[in-house]
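Novice: One file: model_38.pdb (PDB, C-alpha atoms, pLDDT in the B column).
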```
ATOM      1  CA  MET U   1      66.939 138.670 121.930  1.00 46.00           C
ATOM      2  CA  ALA U   2      65.407 137.854 125.287  1.00 42.00           C
ATOM      3  CA  CYS U   3      63.897 140.760 127.204  1.00 45.00           C
ATOM      4  CA  ARG U   4      62.467 141.404 130.626  1.00 45.00           C
ATOM      5  CA  GLY U   5      59.284 143.476 130.718  1.00 42.00           C
ATOM      6  CA  ARG U   6      56.705 144.190 128.045  1.00 43.00           C
ATOM      7  CA  GLY U   7      56.269 147.077 125.616  1.00 48.00           C
ATOM      8  CA  ARG U   8      57.803 150.263 126.932  1.00 56.00           C
ATOM      9  CA  GLY U   9      60.498 149.738 129.484  1.00 60.00           C
ATOM     10  CA  ARG U  10      61.879 146.453 128.196  1.00 70.00           C
ATOM     11  CA  THR U  11      65.346 145.342 129.261  1.00 76.00           C
ATOM     12  CA  PRO U  12      67.291 143.038 126.899  1.00 79.00           C
ATOM     13  CA  ASP U  13      69.290 140.290 128.608  1.00 77.00           C
ATOM     14  CA  GLY U  14      72.994 140.582 127.822  1.00 83.00           C
ATOM     15  CA  PRO U  15      74.842 142.362 125.006  1.00 89.00           C
ATOM     16  CA  THR U  16      72.562 143.192 122.079  1.00 92.00           C
ATOM     17  CA  SER U  17      73.295 143.466 118.366  1.00 95.00           C
ATOM     18  CA  PHE U  18      71.166 145.022 115.649  1.00 95.00           C
ATOM     19  CA  ARG U  19      74.107 144.978 113.235  1.00 97.00           C
ATOM     20  CA  ARG U  20      73.050 145.513 109.602  1.00 97.00           C
ATOM     21  CA  VAL U  21      69.336 145.360 110.480  1.00 96.00           C
ATOM     22  CA  THR U  22      67.014 147.425 108.272  1.00 97.00           C
ATOM     23  CA  PHE U  23      64.105 148.924 110.199  1.00 96.00           C
ATOM     24  CA  GLY U  24      61.557 149.601 107.431  1.00 95.00           C
ATOM     25  CA  GLN U  25      58.825 151.130 109.607  1.00 95.00           C
ATOM     26  CA  PRO U  26      58.803 153.742 112.359  1.00 95.00           C
ATOM     27  CA  THR U  27      60.677 152.169 115.294  1.00 95.00           C
ATOM     28  CA  SER U  28      60.443 152.825 119.013  1.00 94.00           C
ATOM     29  CA  PHE U  29      62.855 151.823 121.751  1.00 94.00           C
ATOM     30  CA  ASP U  30      61.228 154.326 124.131  1.00 94.00           C
ATOM     31  CA  ALA U  31      62.040 153.673 127.808  1.00 93.00           C
ATOM     32  CA  THR U  32      64.164 150.623 126.994  1.00 92.00           C
ATOM     33  CA  ARG U  33      67.089 149.978 129.330  1.00 92.00           C
ATOM     34  CA  PHE U  34      70.140 148.413 127.721  1.00 93.00           C
ATOM     35  CA  GLU U  35      72.242 147.298 130.707  1.00 92.00           C
ATOM     36  CA  GLU U  36      74.927 145.699 128.537  1.00 93.00           C
ATOM     37  CA  ALA U  37      76.645 146.934 125.373  1.00 94.00           C
ATOM     38  CA  VAL U  38      74.461 147.427 122.311  1.00 95.00           C
ATOM     39  CA  THR U  39      75.389 147.934 118.678  1.00 96.00           C
ATOM     40  CA  PHE U  40      73.385 149.175 115.735  1.00 97.00           C
ATOM     41  CA  ARG U  41      76.472 149.109 113.441  1.00 97.00           C
ATOM     42  CA  GLU U  42      75.514 149.653 109.777  1.00 98.00           C
ATOM     43  CA  ALA U  43      71.775 149.518 110.574  1.00 98.00           C
ATOM     44  CA  VAL U  44      69.317 151.501 108.459  1.00 98.00           C
ATOM     45  CA  PHE U  45      66.280 153.274 109.911  1.00 97.00           C
ATOM     46  CA  ASP U  46      63.969 153.920 106.936  1.00 97.00           C
ATOM     47  CA  GLY U  47      61.209 155.152 109.242  1.00 96.00           C
ATOM     48  CA  ALA U  48      61.351 157.563 112.164  1.00 96.00           C
ATOM     49  CA  LEU U  49      63.249 156.385 115.246  1.00 97.00           C
ATOM     50  CA  SER U  50      62.280 157.182 118.819  1.00 96.00           C
ATOM     51  CA  MET U  51      64.591 156.394 121.740  1.00 96.00           C
ATOM     52  CA  GLU U  52      63.062 158.798 124.226  1.00 95.00           C
ATOM     53  CA  HIS U  53      63.824 158.007 127.886  1.00 96.00           C
ATOM     54  CA  THR U  54      66.065 155.127 126.778  1.00 95.00           C
ATOM     55  CA  GLU U  55      69.040 154.235 128.984  1.00 95.00           C
ATOM     56  CA  PHE U  56      72.333 152.779 127.819  1.00 95.00           C
ATOM     57  CA  GLY U  57      74.307 151.396 130.762  1.00 93.00           C
ATOM     58  CA  ARG U  58      77.338 150.443 128.671  1.00 93.00           C
ATOM     59  CA  SER U  59      78.588 151.417 125.232  1.00 93.00           C
ATOM     60  CA  ALA U  60      76.046 152.336 122.564  1.00 95.00           C
ATOM     61  CA  GLY U  61      77.441 151.895 119.043  1.00 96.00           C
ATOM     62  CA  PHE U  62      75.768 153.615 116.113  1.00 97.00           C
ATOM     63  CA  HIS U  63      78.728 153.207 113.717  1.00 96.00           C
ATOM     64  CA  SER U  64      77.793 153.928 110.077  1.00 96.00           C
ATOM     65  CA  VAL U  65      74.058 153.932 110.845  1.00 97.00           C
ATOM     66  CA  ARG U  66      71.773 155.687 108.353  1.00 97.00           C
ATOM     67  CA  PHE U  67      68.773 157.561 109.776  1.00 97.00           C
ATOM     68  CA  THR U  68      66.486 158.576 106.883  1.00 97.00           C
ATOM     69  CA  LYS U  69      63.721 160.185 108.997  1.00 97.00           C
ATOM     70  CA  MET U  70      63.602 162.025 112.330  1.00 97.00           C
ATOM     71  CA  ALA U  71      65.692 160.395 115.067  1.00 97.00           C
ATOM     72  CA  LEU U  72      64.596 161.284 118.607  1.00 97.00           C
ATOM     73  CA  PHE U  73      67.037 160.768 121.467  1.00 97.00           C
ATOM     74  CA  ARG U  74      65.329 163.182 123.894  1.00 96.00           C
ATOM     75  CA  TRP U  75      65.882 162.403 127.580  1.00 96.00           C
ATOM     76  CA  THR U  76      68.158 159.502 126.619  1.00 96.00           C
ATOM     77  CA  VAL U  77      70.928 158.570 129.056  1.00 96.00           C
ATOM     78  CA  PHE U  78      74.236 157.370 127.638  1.00 95.00           C
ATOM     79  CA  GLY U  79      76.020 155.876 130.646  1.00 92.00           C
ATOM     80  CA  ALA U  80      79.214 155.025 128.761  1.00 92.00           C
ATOM     81  CA  GLU U  81      80.506 155.580 125.238  1.00 91.00           C
ATOM     82  CA  ALA U  82      78.026 156.881 122.675  1.00 93.00           C
ATOM     83  CA  LEU U  83      79.650 156.222 119.310  1.00 93.00           C
ATOM     84  CA  PHE U  84      78.104 157.748 116.192  1.00 94.00           C
ATOM     85  CA  ASP U  85      81.184 157.693 113.924  1.00 93.00           C
ATOM     86  CA  GLY U  86      80.140 157.537 110.290  1.00 94.00           C
ATOM     87  CA  ALA U  87      76.426 157.889 111.147  1.00 96.00           C
ATOM     88  CA  ARG U  88      74.280 159.809 108.651  1.00 96.00           C
ATOM     89  CA  PHE U  89      71.201 161.783 109.670  1.00 96.00           C
ATOM     90  CA  ILE U  90      69.333 162.437 106.402  1.00 95.00           C
ATOM     91  CA  ASP U  91      66.383 164.246 108.008  1.00 93.00           C
ATOM     92  CA  ALA U  92      66.983 165.546 111.538  1.00 92.00           C
ATOM     93  CA  ALA U  93      67.945 164.382 115.017  1.00 94.00           C
ATOM     94  CA  ASN U  94      66.941 165.673 118.409  1.00 95.00           C
ATOM     95  CA  PHE U  95      69.135 165.022 121.461  1.00 95.00           C
ATOM     96  CA  GLY U  96      67.243 167.456 123.711  1.00 94.00           C
ATOM     97  CA  ARG U  97      67.923 166.813 127.393  1.00 94.00           C
ATOM     98  CA  ALA U  98      70.017 163.749 126.574  1.00 94.00           C
ATOM     99  CA  ARG U  99      72.773 163.051 129.095  1.00 94.00           C
ATOM    100  CA  PHE U 100      76.227 161.823 128.165  1.00 91.00           C
ATOM    101  CA  HIS U 101      78.191 160.419 131.126  1.00 87.00           C
ATOM    102  CA  ASN U 102      81.466 159.671 129.413  1.00 73.00           C
ATOM    103  CA  ARG U 103      84.277 161.314 127.545  1.00 58.00           C
ATOM    104  CA  THR U 104      83.385 160.445 123.979  1.00 52.00           C
ATOM    105  CA  PRO U 105      86.079 162.009 121.775  1.00 52.00           C
ATOM    106  CA  ARG U 106      85.105 165.445 120.494  1.00 51.00           C
ATOM    107  CA  ARG U 107      85.348 165.125 116.768  1.00 49.00           C
ATOM    108  CA  ARG U 108      82.972 165.247 113.882  1.00 48.00           C
ATOM    109  CA  VAL U 109      81.334 161.869 114.032  1.00 50.00           C
ATOM    110  CA  ALA U 110      78.118 162.258 112.075  1.00 56.00           C
ATOM    111  CA  THR U 111      76.800 164.052 109.028  1.00 56.00           C
ATOM    112  CA  ALA U 112      73.430 165.701 108.892  1.00 55.00           C
ATOM    113  CA  GLY U 113      71.085 166.738 106.123  1.00 59.00           C
ATOM    114  CA  ARG U 114      69.580 169.264 108.541  1.00 56.00           C
ATOM    115  CA  PRO U 115      70.884 170.717 111.792  1.00 51.00           C
ATOM    116  CA  LEU U 116      71.057 168.426 114.803  1.00 54.00           C
ATOM    117  CA  THR U 117      69.144 169.833 117.762  1.00 57.00           C
ATOM    118  CA  GLY U 118      69.965 169.494 121.414  1.00 55.00           C
ATOM    119  CA  ARG U 119      67.501 171.684 123.242  1.00 50.00           C
TER     120      ARG U 119
END
```
Translate the structure of the given file into structure tokens.
Specialist:
Amino acid sequence: MACRGRGRGRTPDGPTSFRRVTFGQPTSFDATRFEEAVTFREAVFDGALSMEHTEFGRSAGFHSVRFTKMALFRWTVFGAEALFDGARFIDAANFGRARFHNRTPRRRVATAGRPLTGR
């Protein structure tokens, strides 16, 4: 995956796929801007995930993703579809101040071991 920028605030070039990737350590995509579609389909986050201040310009697919530790999506901007169908949050997730700018279908799309927070 080619990216513009360094560290925080990176921007991948083109559509991005993390399909079936296992992230074994705490992972940060803080302040990353995904201008094109991105998928994490069937990925596993065995460590904590932080996507604070991350921007998704097009669809963000988290189909059947397993989050085993805290997943932070605070201040994240979903500019198009945010798809979490079949996702499992084993620990907890925080979507505080996240913005969703689409009409993602309102249906149960994720399961949680603990309550999901959005404040």
Novice: Residues of range 78-104 of chain U that have any atom at most 9 Å from an atom of range 53-61 of chain U: could you tabulate them with the shortest-distance atom pair and the distance in Å to one decimal, using all atoms listed in the file, ordered by chain and increasing number, as a tab-separated table?
Specialist:
```
residue	atom	partner	partner_atom	distance
U:Phe78	CA	U:Phe56	CA	5.0
U:Gly79	CA	U:Gly57	CA	4.8
U:Ala80	CA	U:Arg58	CA	5.0
U:Glu81	CA	U:Ser59	CA	4.6
U:Ala82	CA	U:Ala60	CA	5.0
U:Leu83	CA	U:Gly61	CA	4.9
U:Phe84	CA	U:Gly61	CA	6.5
U:Asp85	CA	U:Gly61	CA	8.6
U:Ala98	CA	U:His53	CA	8.5
```
Novice: Within 8 Å of Arg20 in chain U, counting all atoms listed in the file, which residues show up once you throw out same-chain ones fewer than 3 positions away? Write them as a list of chain:residue names, please.
Specialist: U:Phe40, U:Arg41, U:Glu42, U:Ala43, U:Val44
Novice: So which one's closest to Gln25 in chain U, U:Phe95, U:Phe67, U:Phe62, U:Phe100? Using only C-alpha atoms, please.
Specialist: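 Selected residue with least distance to Gln25 in chain U: U:Phe67.
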Novice: Which distance in Å separates CA of Arg66 in chain U and CA of Met51 in chain U, to one decimal?
Specialist: 15.2 Å
Novice: In the coordinates of the file, take the point (74.1, 147.5, 131.0) and a cut-off of 8 Å; then, counting only C-alpha atoms, name each qualifying protein, DNA or RNA residue as a VMD selection string.
Specialist: chain U and resid 14 to 15 33 to 37 56 to 58
Novice: Could you jot down the CA of Phe45 in chain U to CA of Met70 in chain U separation for me, Å, one decimal place?
Specialist: 9.5 Å
Novice: For a test of reading the model, state the distance in Å between CA of Thr76 in chain U and CA of Arg97 in chain U, rounded to one decimal.
Specialist: 7.4 Å
Novice: Padding 5 Å on every side, please: axis-aligned box over the listed atoms of range 78-89 of chain U, centre and edge lengths to one decimal in Å, as JSON.
Specialist:
```
{"center_x": 76.2, "center_y": 158.4, "center_z": 119.6, "size_x": 20.0, "size_y": 16.8, "size_z": 32.0}
```
Novice: What residues come out when you apply the PyMOL selection byres ((chain U and resi 72) around 10) to this file, written as a list in words?
Specialist: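 With the shown file as input, the PyMOL selection byres ((chain U and resi 72) around 10) matches Ser28, Asp30, Ala48, Leu49, Ser50, Met51, Glu52, His53, Lys69, Met70, Ala71, Phe73, Arg74, Trp75, Thr76, Ala92, Ala93, Asn94, Phe95, Gly96, Ala98 and Thr117 of chain U.
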Novice: I need every residue sitting at most 6 Å from the point (64.5, 149.2, 126.1) (coordinates as in the file, all atoms listed in the file considered), written as a PyMOL selection string.
Specialist: chain U and resi 9-11+29+31-34
Novice: Exactly which residues make up the result of the PyMOL selection byres ((chain U and resi 17) around 8) on this file, given as a PyMOL selection string?
Specialist: chain U and resi 15-16+18-19+38-40
Novice: Once you have the residues from the selection above, write them out as a short mmCIF file (atom, residue, chain, number, x, y, z; two decimals), in the frame of the given file, restricted to C-alpha atoms.
Specialist:
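Contents of the output file out_4.cif:
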```cif
data_model
loop_
_atom_site.label_atom_id
_atom_site.label_comp_id
_atom_site.auth_asym_id
_atom_site.auth_seq_id
_atom_site.Cartn_x
_atom_site.Cartn_y
_atom_site.Cartn_z
CA PRO U 15 74.84 142.36 125.01
CA THR U 16 72.56 143.19 122.08
CA PHE U 18 71.17 145.02 115.65
CA ARG U 19 74.11 144.98 113.24
CA VAL U 38 74.46 147.43 122.31
CA THR U 39 75.39 147.93 118.68
CA PHE U 40 73.39 149.18 115.74
#
```
